[in-house]
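With compact mmCIF, C-alpha atoms inside, this is my_file_26.txt:
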# COMPACT_ATOMS: atom_id res chain seq x y z
CA MET P 1 7.91 -33.15 -47.98
CA ALA P 2 6.66 -30.25 -45.90
CA GLN P 3 9.20 -27.82 -44.56
CA PHE P 4 9.74 -29.51 -41.22
CA ASN P 5 11.74 -32.39 -39.85
CA GLN P 6 9.30 -33.54 -37.18
CA LEU P 7 5.57 -32.97 -36.83
CA LEU P 8 4.21 -32.92 -33.28
CA ILE P 9 0.62 -34.22 -33.26
CA ILE P 10 -1.31 -32.83 -30.27
CA GLY P 11 -4.26 -35.11 -29.55
CA TYR P 12 -4.19 -38.64 -30.90
CA GLY P 13 -7.72 -39.62 -31.85
CA ASN P 14 -9.23 -41.51 -34.76
CA MET P 15 -8.38 -38.91 -37.41
CA SER P 16 -4.86 -38.20 -36.20
CA GLY P 17 -4.21 -41.93 -36.01
CA ALA P 18 -5.55 -42.50 -39.51
CA MET P 19 -3.37 -39.72 -40.92
CA LEU P 20 -0.28 -41.04 -39.19
CA ALA P 21 -0.96 -44.52 -40.54
CA GLY P 22 -1.35 -43.08 -44.04
CA TRP P 23 1.93 -41.17 -43.88
CA LEU P 24 3.80 -44.21 -42.61
CA SER P 25 2.33 -46.40 -45.33
CA ALA P 26 3.46 -43.78 -47.85
CA GLY P 27 7.02 -44.26 -46.64
CA VAL P 28 7.56 -41.35 -44.25
CA GLU P 29 9.96 -42.31 -41.47
CA PRO P 30 8.33 -42.78 -38.02
CA ALA P 31 10.97 -40.53 -36.47
CA ARG P 32 9.41 -37.62 -38.38
CA PHE P 33 6.44 -37.74 -35.99
CA ALA P 34 5.81 -37.25 -32.30
CA VAL P 35 2.52 -37.49 -30.42
CA LEU P 36 1.47 -35.48 -27.37
CA ASN P 37 -1.46 -37.09 -25.61
CA ARG P 38 -2.21 -36.88 -21.90
CA SER P 39 -3.30 -40.53 -21.75
CA GLN P 40 -1.05 -43.32 -22.97
CA LYS P 41 -1.93 -44.48 -26.48
CA ASP P 42 -0.60 -47.23 -28.70
CA VAL P 43 1.45 -45.44 -31.36
CA PRO P 44 3.41 -47.00 -34.22
CA GLU P 45 6.92 -48.17 -33.48
CA GLY P 46 9.47 -45.42 -33.90
CA VAL P 47 7.00 -42.59 -33.21
CA THR P 48 7.85 -40.59 -30.07
CA GLN P 49 5.08 -40.17 -27.50
CA TYR P 50 4.91 -37.44 -24.85
CA ARG P 51 2.52 -37.39 -21.91
CA SER P 52 2.97 -33.70 -21.01
CA VAL P 53 3.66 -30.34 -22.60
CA GLU P 54 6.78 -30.00 -20.48
CA GLU P 55 8.17 -33.27 -21.79
CA ALA P 56 7.62 -32.18 -25.40
CA GLN P 57 9.20 -28.78 -24.73
CA ARG P 58 12.27 -30.33 -23.14
CA ALA P 59 12.78 -32.55 -26.19
CA GLY P 60 12.36 -29.58 -28.54
CA THR P 61 12.72 -31.76 -31.65
CA HIS P 62 9.56 -30.69 -33.52
CA ASP P 63 9.34 -27.82 -35.97
CA ALA P 64 5.59 -27.92 -36.71
CA ILE P 65 2.50 -28.91 -34.75
CA MET P 66 -0.85 -30.38 -35.75
CA LEU P 67 -3.90 -29.92 -33.53
CA GLY P 68 -6.04 -33.05 -33.31
CA PHE P 69 -8.21 -32.52 -30.23
CA LYS P 70 -11.88 -31.43 -30.01
CA PRO P 71 -12.60 -27.93 -31.36
CA HIS P 72 -14.35 -26.77 -28.19
CA GLN P 73 -11.19 -27.48 -26.19
CA LEU P 74 -9.09 -24.85 -27.97
CA GLY P 75 -9.81 -21.99 -25.58
CA ASP P 76 -8.87 -24.07 -22.56
CA VAL P 77 -5.71 -25.71 -23.86
CA ALA P 78 -4.20 -23.10 -26.20
CA PRO P 79 -2.43 -21.25 -23.37
CA ASP P 80 -0.56 -24.46 -22.49
CA PHE P 81 0.73 -24.89 -26.05
CA GLN P 82 2.14 -21.41 -26.72
CA GLY P 83 5.73 -22.53 -26.24
CA LEU P 84 5.24 -25.49 -28.56
CA ALA P 85 3.75 -23.29 -31.31
CA ARG P 86 6.06 -20.29 -31.08
CA GLY P 87 7.80 -19.65 -34.39
CA LYS P 88 6.36 -22.81 -35.96
CA PRO P 89 3.50 -23.50 -38.39
CA VAL P 90 0.30 -24.71 -36.74
CA TYR P 91 -1.80 -27.21 -38.71
CA SER P 92 -5.34 -27.60 -37.42
CA LEU P 93 -7.88 -30.41 -37.79
CA LEU P 94 -10.36 -28.47 -35.63
CA ALA P 95 -13.62 -28.37 -37.58
CA GLY P 96 -15.23 -24.97 -37.90
CA LEU P 97 -12.35 -22.95 -36.46
CA THR P 98 -11.05 -20.31 -38.87
CA ALA P 99 -7.49 -19.27 -39.64
CA ASP P 100 -8.20 -15.98 -37.84
CA GLN P 101 -9.32 -17.85 -34.72
CA LEU P 102 -6.18 -19.99 -34.89
CA SER P 103 -4.12 -16.83 -35.25
CA ARG P 104 -5.69 -15.34 -32.13
CA ALA P 105 -5.15 -18.60 -30.22
CA PHE P 106 -1.51 -18.89 -31.35
CA PRO P 107 -0.33 -15.33 -32.10
CA GLU P 108 3.36 -16.26 -32.14
CA ALA P 109 3.05 -19.18 -34.58
CA ALA P 110 4.79 -18.81 -37.94
CA ALA P 111 1.70 -19.76 -39.96
CA HIS P 112 -1.82 -21.11 -39.49
CA ILE P 113 -3.14 -23.87 -41.75
CA ARG P 114 -6.55 -25.51 -41.71
CA VAL P 115 -6.60 -29.17 -42.77
CA MET P 116 -9.63 -31.38 -43.31
CA PRO P 117 -9.19 -35.04 -44.33
CA ASN P 118 -11.49 -37.98 -43.84
CA LEU P 119 -10.71 -41.42 -42.43
CA ALA P 120 -9.78 -42.78 -45.86
CA CYS P 121 -6.41 -41.10 -45.32
CA ARG P 122 -5.52 -44.33 -43.52
CA ILE P 123 -5.48 -46.03 -46.93
CA ASN P 124 -4.17 -42.94 -48.77
CA LYS P 125 -7.50 -42.28 -50.49
CA SER P 126 -8.79 -39.17 -48.74
CA PRO P 127 -9.48 -35.75 -50.19
CA ILE P 128 -7.52 -33.23 -48.10
CA ILE P 129 -8.85 -29.67 -47.94
CA LEU P 130 -6.23 -27.04 -47.13
CA PHE P 131 -6.34 -23.32 -46.38
CA GLU P 132 -3.33 -21.37 -45.14
CA SER P 133 -2.30 -18.04 -43.75
CA GLY P 134 1.38 -17.21 -43.44
CA LEU P 135 3.16 -19.83 -45.55
CA THR P 136 5.65 -18.91 -48.24
CA GLU P 137 5.19 -20.34 -51.73
CA GLU P 138 7.94 -22.87 -51.05
CA GLN P 139 6.26 -23.90 -47.80
CA ARG P 140 2.89 -24.18 -49.58
CA GLY P 141 4.45 -26.57 -52.06
CA GLY P 142 5.99 -28.65 -49.30
CA ALA P 143 2.77 -28.76 -47.29
CA PHE P 144 0.78 -29.74 -50.37
CA ALA P 145 3.15 -32.61 -51.17
CA PHE P 146 3.04 -33.82 -47.58
CA PHE P 147 -0.75 -33.93 -47.29
CA ASP P 148 -1.20 -35.16 -50.85
CA MET P 149 0.43 -38.41 -49.72
CA LEU P 150 -2.85 -39.13 -47.92
CA GLY P 151 -4.92 -39.04 -51.12
CA ASN P 152 -5.77 -35.91 -53.06
CA ALA P 153 -4.93 -32.52 -51.54
CA VAL P 154 -6.51 -29.25 -52.70
CA TRP P 155 -5.87 -25.65 -51.63
CA LEU P 156 -8.97 -23.51 -51.14
CA ALA P 157 -8.53 -19.89 -52.17
CA ASP P 158 -11.69 -18.75 -50.34
CA GLU P 159 -11.87 -19.75 -46.67
CA SER P 160 -15.60 -18.97 -46.57
CA LYS P 161 -16.10 -22.18 -48.60
CA PHE P 162 -14.16 -24.33 -46.12
CA ASP P 163 -17.18 -25.53 -44.13
CA LEU P 164 -19.02 -26.45 -47.33
CA ALA P 165 -16.01 -28.33 -48.70
CA THR P 166 -15.72 -30.09 -45.34
CA ALA P 167 -19.38 -31.07 -45.47
CA LEU P 168 -18.84 -32.66 -48.88
CA ALA P 169 -15.42 -34.28 -48.54
CA GLY P 170 -14.88 -34.56 -44.79
CA SER P 171 -18.35 -35.57 -43.62
CA GLY P 172 -19.26 -37.22 -46.91
CA PRO P 173 -18.11 -40.74 -45.97
CA GLY P 174 -20.73 -40.77 -43.20
CA PHE P 175 -23.42 -40.04 -45.79
CA VAL P 176 -22.09 -42.75 -48.12
CA TYR P 177 -22.13 -45.27 -45.26
CA ARG P 178 -25.75 -44.33 -44.57
CA PHE P 179 -26.56 -44.91 -48.25
CA ILE P 180 -24.91 -48.33 -48.22
CA ASP P 181 -26.82 -49.27 -45.08
CA ALA P 182 -30.12 -47.97 -46.50
CA LEU P 183 -29.60 -49.81 -49.79
CA ALA P 184 -28.94 -53.06 -47.90
CA ALA P 185 -31.96 -52.46 -45.67
CA ALA P 186 -34.14 -51.89 -48.72
CA GLY P 187 -32.96 -55.16 -50.24
CA ALA P 188 -33.73 -57.00 -47.00
CA GLN P 189 -37.13 -55.29 -46.73
CA LEU P 190 -38.01 -56.57 -50.18
CA GLY P 191 -36.98 -60.14 -49.43
CA LEU P 192 -33.21 -60.64 -49.63
CA ASP P 193 -31.32 -62.22 -46.77
CA ALA P 194 -30.12 -59.27 -44.65
CA GLU P 195 -26.49 -60.39 -44.44
CA GLN P 196 -26.36 -61.09 -48.16
CA ALA P 197 -27.98 -57.75 -48.96
CA GLY P 198 -25.34 -55.97 -46.88
CA SER P 199 -22.52 -57.80 -48.61
CA LEU P 200 -23.92 -57.05 -52.06
CA ALA P 201 -24.46 -53.37 -51.28
CA LEU P 202 -20.94 -52.91 -49.95
CA ALA P 203 -19.29 -54.73 -52.87
CA MET P 204 -21.39 -52.80 -55.36
CA VAL P 205 -20.44 -49.38 -53.94
CA ASP P 206 -16.77 -50.36 -53.75
CA GLY P 207 -16.72 -51.41 -57.38
CA ALA P 208 -18.79 -48.47 -58.62
CA ALA P 209 -16.59 -45.93 -56.82
CA SER P 210 -13.41 -47.51 -58.18
CA LEU P 211 -14.83 -47.51 -61.70
CA ALA P 212 -15.93 -43.87 -61.42
CA ALA P 213 -12.52 -42.82 -60.06
CA GLY P 214 -10.77 -44.32 -63.08
CA ALA P 215 -13.28 -43.32 -65.74
CA ASP P 216 -12.76 -40.52 -68.26
CA ILE P 217 -16.46 -39.60 -68.15
CA SER P 218 -18.60 -38.15 -65.36
CA PRO P 219 -20.61 -40.25 -62.88
CA ALA P 220 -23.78 -38.89 -64.51
CA GLU P 221 -22.66 -40.30 -67.86
CA LEU P 222 -21.73 -43.59 -66.24
CA ALA P 223 -25.23 -43.82 -64.77
CA ASP P 224 -26.72 -43.29 -68.22
CA ARG P 225 -24.49 -46.00 -69.67
CA VAL P 226 -25.64 -48.45 -67.01
CA ALA P 227 -29.30 -47.58 -67.62
CA SER P 228 -30.60 -48.77 -70.97
CA PRO P 229 -33.86 -47.17 -72.16
CA GLY P 230 -36.87 -48.97 -70.68
CA GLY P 231 -34.65 -51.24 -68.57
CA MET P 232 -34.50 -52.07 -64.87
CA THR P 233 -31.83 -49.51 -63.91
CA ARG P 234 -33.60 -46.70 -65.77
CA GLU P 235 -36.79 -47.43 -63.86
CA GLY P 236 -34.93 -47.11 -60.57
CA LEU P 237 -33.18 -43.91 -61.67
CA ASN P 238 -36.58 -42.46 -62.55
CA VAL P 239 -37.50 -42.75 -58.86
CA LEU P 240 -34.25 -41.08 -57.70
CA ASP P 241 -34.51 -38.35 -60.34
CA ALA P 242 -38.20 -37.52 -59.83
CA ASP P 243 -38.55 -33.85 -58.79
CA GLN P 244 -34.78 -33.79 -58.16
CA ALA P 245 -35.58 -35.56 -54.88
CA LEU P 246 -32.10 -37.03 -54.34
CA ALA P 247 -30.31 -33.80 -55.26
CA GLU P 248 -32.60 -31.81 -52.95
CA LEU P 249 -32.03 -34.25 -50.08
CA LEU P 250 -28.27 -34.01 -50.43
CA THR P 251 -28.38 -30.23 -50.74
CA ARG P 252 -30.22 -30.07 -47.43
CA THR P 253 -27.74 -32.52 -45.95
CA LEU P 254 -24.70 -30.48 -46.98
CA ARG P 255 -26.34 -27.22 -45.91
CA ALA P 256 -27.06 -28.56 -42.42
CA THR P 257 -23.52 -29.93 -42.12
CA SER P 258 -21.93 -26.71 -43.35
CA ASN P 259 -24.10 -24.60 -41.05
CA ARG P 260 -22.91 -26.67 -38.11
CA GLY P 261 -19.36 -25.73 -39.03
CA ALA P 262 -20.35 -22.05 -38.85
CA GLU P 263 -21.90 -22.67 -35.42
CA LEU P 264 -18.69 -24.30 -34.21
CA SER P 265 -16.75 -21.32 -35.47
CA ALA P 266 -19.05 -18.89 -33.67
CA GLY P 267 -18.68 -20.91 -30.48
CA GLY P 268 -14.91 -20.66 -30.73
CA ASN P 269 -14.88 -16.83 -30.72
Written form, structure tokens:
Amino acid sequence: MAQFNQLLIIGYGNMSGAMLAGWLSAGVEPARFAVLNRSQKDVPEGVTQYRSVEEAQRAGTHDAIMLGFKPHQLGDVAPDFQGLARGKPVYSLLAGLTADQLSRAFPEAAAHIRVMPNLACRINKSPIILFESGLTEEQRGGAFAFFDMLGNAVWLADESKFDLATALAGSGPGFVYRFIDALAAAGAQLGLDAEQAGSLALAMVDGAASLAAGADISPAELADRVASPGGMTREGLNVLDADQALAELLTRTLRATSNRGAELSAGGN
């Protein structure tokens, strides 16, 4: 468990809610969490909810905070949260904002940690990208164990790769959902019932991903095992592989996503 008794989550949106659900399903006690959100939200039973900074400060029960609001809001709200962050580690879900920017926003915090999950943390199957400044080795180990409960945590040694890793693992589910939708649409375009095509596409991706996750060979090798020479699958792979079209498309996709992270960072200066 991370080196704190209670995590105060500031901003309770889709990602914060998914992470909280994942931690609770992993067996963390609800009392280990508090939520600060200006509007009333439905939070799990046993989780404390505050409606104001003053209320959270009076309670004074947290020893770490996690920022879950919109990145562009940091400049406006950071002054209000100085007392909550003082002497405590600050974990940030704010896409594009660097550890240095967090340090300038919260100069009296004990440490600054960037965290990037995706919504699969709700079912404890998310990659979790981590980068820290200011943690001790013991605290790093505790933080890793805490976030690893949500799926598969990794520490990045080079923060300059954070936006790219986010594009792949954080934004990636959106690209997979697009692929599922496009595959179903293609099946319907060629004559399948649209609802049936959607169901088949979703079940296929679910099974293929589960098989790949448990396999001792790479996805590329799995594809070759599925595709017998001269068969149906090989003919389809020939279309995807022609001129590296799929790889080039995804490279452009990740580059655009990563570049947007850099733009968000520049906007937060």
*Give the answer as one residue: which of P:Ala209, P:Leu7, P:Ala26, P:Val239 has the shortest atom-to-atom distance to Thr48 in chain P, using only C-alpha atoms?*
P:Leu7
Distance table requested - range 46-94 of chain P against range 117-141 of chain P, cut-off 9 Å, all atoms listed in the file: one row per qualifying residue with the closest atom pair and its distance in Å to one decimal, ordered by chain and rising residue number, as a Markdown table.
| residue | atom | partner | partner_atom | distance |
| --- | --- | --- | --- | --- |
| P:Pro89 | CA | P:Leu135 | CA | 8.1 |
| P:Tyr91 | CA | P:Glu132 | CA | 8.8 |
| P:Leu93 | CA | P:Pro117 | CA | 8.1 |
*Provide the CA of Ala227 in chain P to CA of Asp241 in chain P distance in Å, to one decimal place.*
12.9 Å
*Which residue out of P:Gly151, P:Pro107, P:Gly17, P:Gly96 has the minimum interatomic distance to Gly68 in chain P when all atoms listed in the file are used?*
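Residue with the minimum atom-to-atom distance to Gly68 in chain P: P:Gly17.
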_Proximity to His62 in chain P - best of P:Phe4, P:Phe179, P:Phe106, P:Phe81, only C-alpha atoms_ =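 When distances to His62 in chain P are compared using only C-alpha atoms, the smallest one comes from P:Phe4.
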*Identify which of the residues P:Asn37, P:Pro229, P:Leu67, P:Ala203 lies closest to Glu55 in chain P, counting only C-alpha atoms when measuring atom-to-atom distances.*
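Among the listed residues, P:Asn37 lies closest to Glu55 in chain P.
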Write out, as a Markdown table, each residue of range 106-141 of chain P that has an atom at most 7 Å from range 97-101 of chain P, together with the closest pair of atoms and their distance in Å to one decimal, counting all atoms listed in the file, rows going by chain and rising number.
| residue | atom | partner | partner_atom | distance |
| --- | --- | --- | --- | --- |
| P:His112 | CA | P:Ala99 | CA | 6.0 |
| P:Ile113 | CA | P:Ala99 | CA | 6.7 |
| P:Arg114 | CA | P:Ala99 | CA | 6.6 |
| P:Ser133 | CA | P:Ala99 | CA | 6.7 |
_as number ranges by chain, please: the residues near Gln196 in chain P (cut-off 9 Å, all atoms listed in the file, same-chain neighbours under 5 positions excluded)._
P: 184, 188, 201
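Taking CA of Lys41 in chain P and CA of Arg58 in chain P as the two end points, the separation is 20.3 Å.
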Would you kindly return, as a PDB file with C-alpha atoms, in the coordinates of the input, each protein, DNA or RNA residue with an atom no farther than 9 Å from any atom of Leu164 in chain P, considering only C-alpha atoms and excluding same-chain residues fewer than 2 positions away?
ATOM      1  CA  SER P 160     -15.600 -18.970 -46.570  1.00  0.00           C
ATOM      2  CA  LYS P 161     -16.100 -22.180 -48.600  1.00  0.00           C
ATOM      3  CA  PHE P 162     -14.160 -24.330 -46.120  1.00  0.00           C
ATOM      4  CA  THR P 166     -15.720 -30.090 -45.340  1.00  0.00           C
ATOM      5  CA  ALA P 167     -19.380 -31.070 -45.470  1.00  0.00           C
ATOM      6  CA  LEU P 168     -18.840 -32.660 -48.880  1.00  0.00           C
ATOM      7  CA  ALA P 169     -15.420 -34.280 -48.540  1.00  0.00           C
ATOM      8  CA  LEU P 254     -24.700 -30.480 -46.980  1.00  0.00           C
ATOM      9  CA  ARG P 255     -26.340 -27.220 -45.910  1.00  0.00           C
ATOM     10  CA  THR P 257     -23.520 -29.930 -42.120  1.00  0.00           C
ATOM     11  CA  SER P 258     -21.930 -26.710 -43.350  1.00  0.00           C
ATOM     12  CA  ASN P 259     -24.100 -24.600 -41.050  1.00  0.00           C
ATOM     13  CA  GLY P 261     -19.360 -25.730 -39.030  1.00  0.00           C
TER      14      GLY P 261
END
*Compare P:Met116, P:Leu74, P:Ala34, P:Ala56 by their minimum atom-to-atom distance to Leu102 in chain P, counting all atoms listed in the file, and give me the closest one.*
P:Leu74
_Interatomic distance, CA of Gly27 in chain P to CA of Asn5 in chain P (Å, one decimal)_ =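 One can read the CA of Gly27 in chain P to CA of Asn5 in chain P distance as 14.5 Å.
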*asked:* Which residue is closest to Pro30 in chain P? Choose from P:Ala95, P:Ala262, P:Val47, P:Ala157 and count all atoms listed in the file.
replied: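 Of P:Ala95, P:Ala262, P:Val47, P:Ala157, the one nearest Pro30 in chain P, counting all atoms listed in the file, is P:Val47.
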_8 Å contact set for range 83-88 of chain P, all atoms listed in the file, chain neighbours under 3 positions out, as a PyMOL selection string_ = chain P and resi 53+56-57+63-65+80+106+108-111
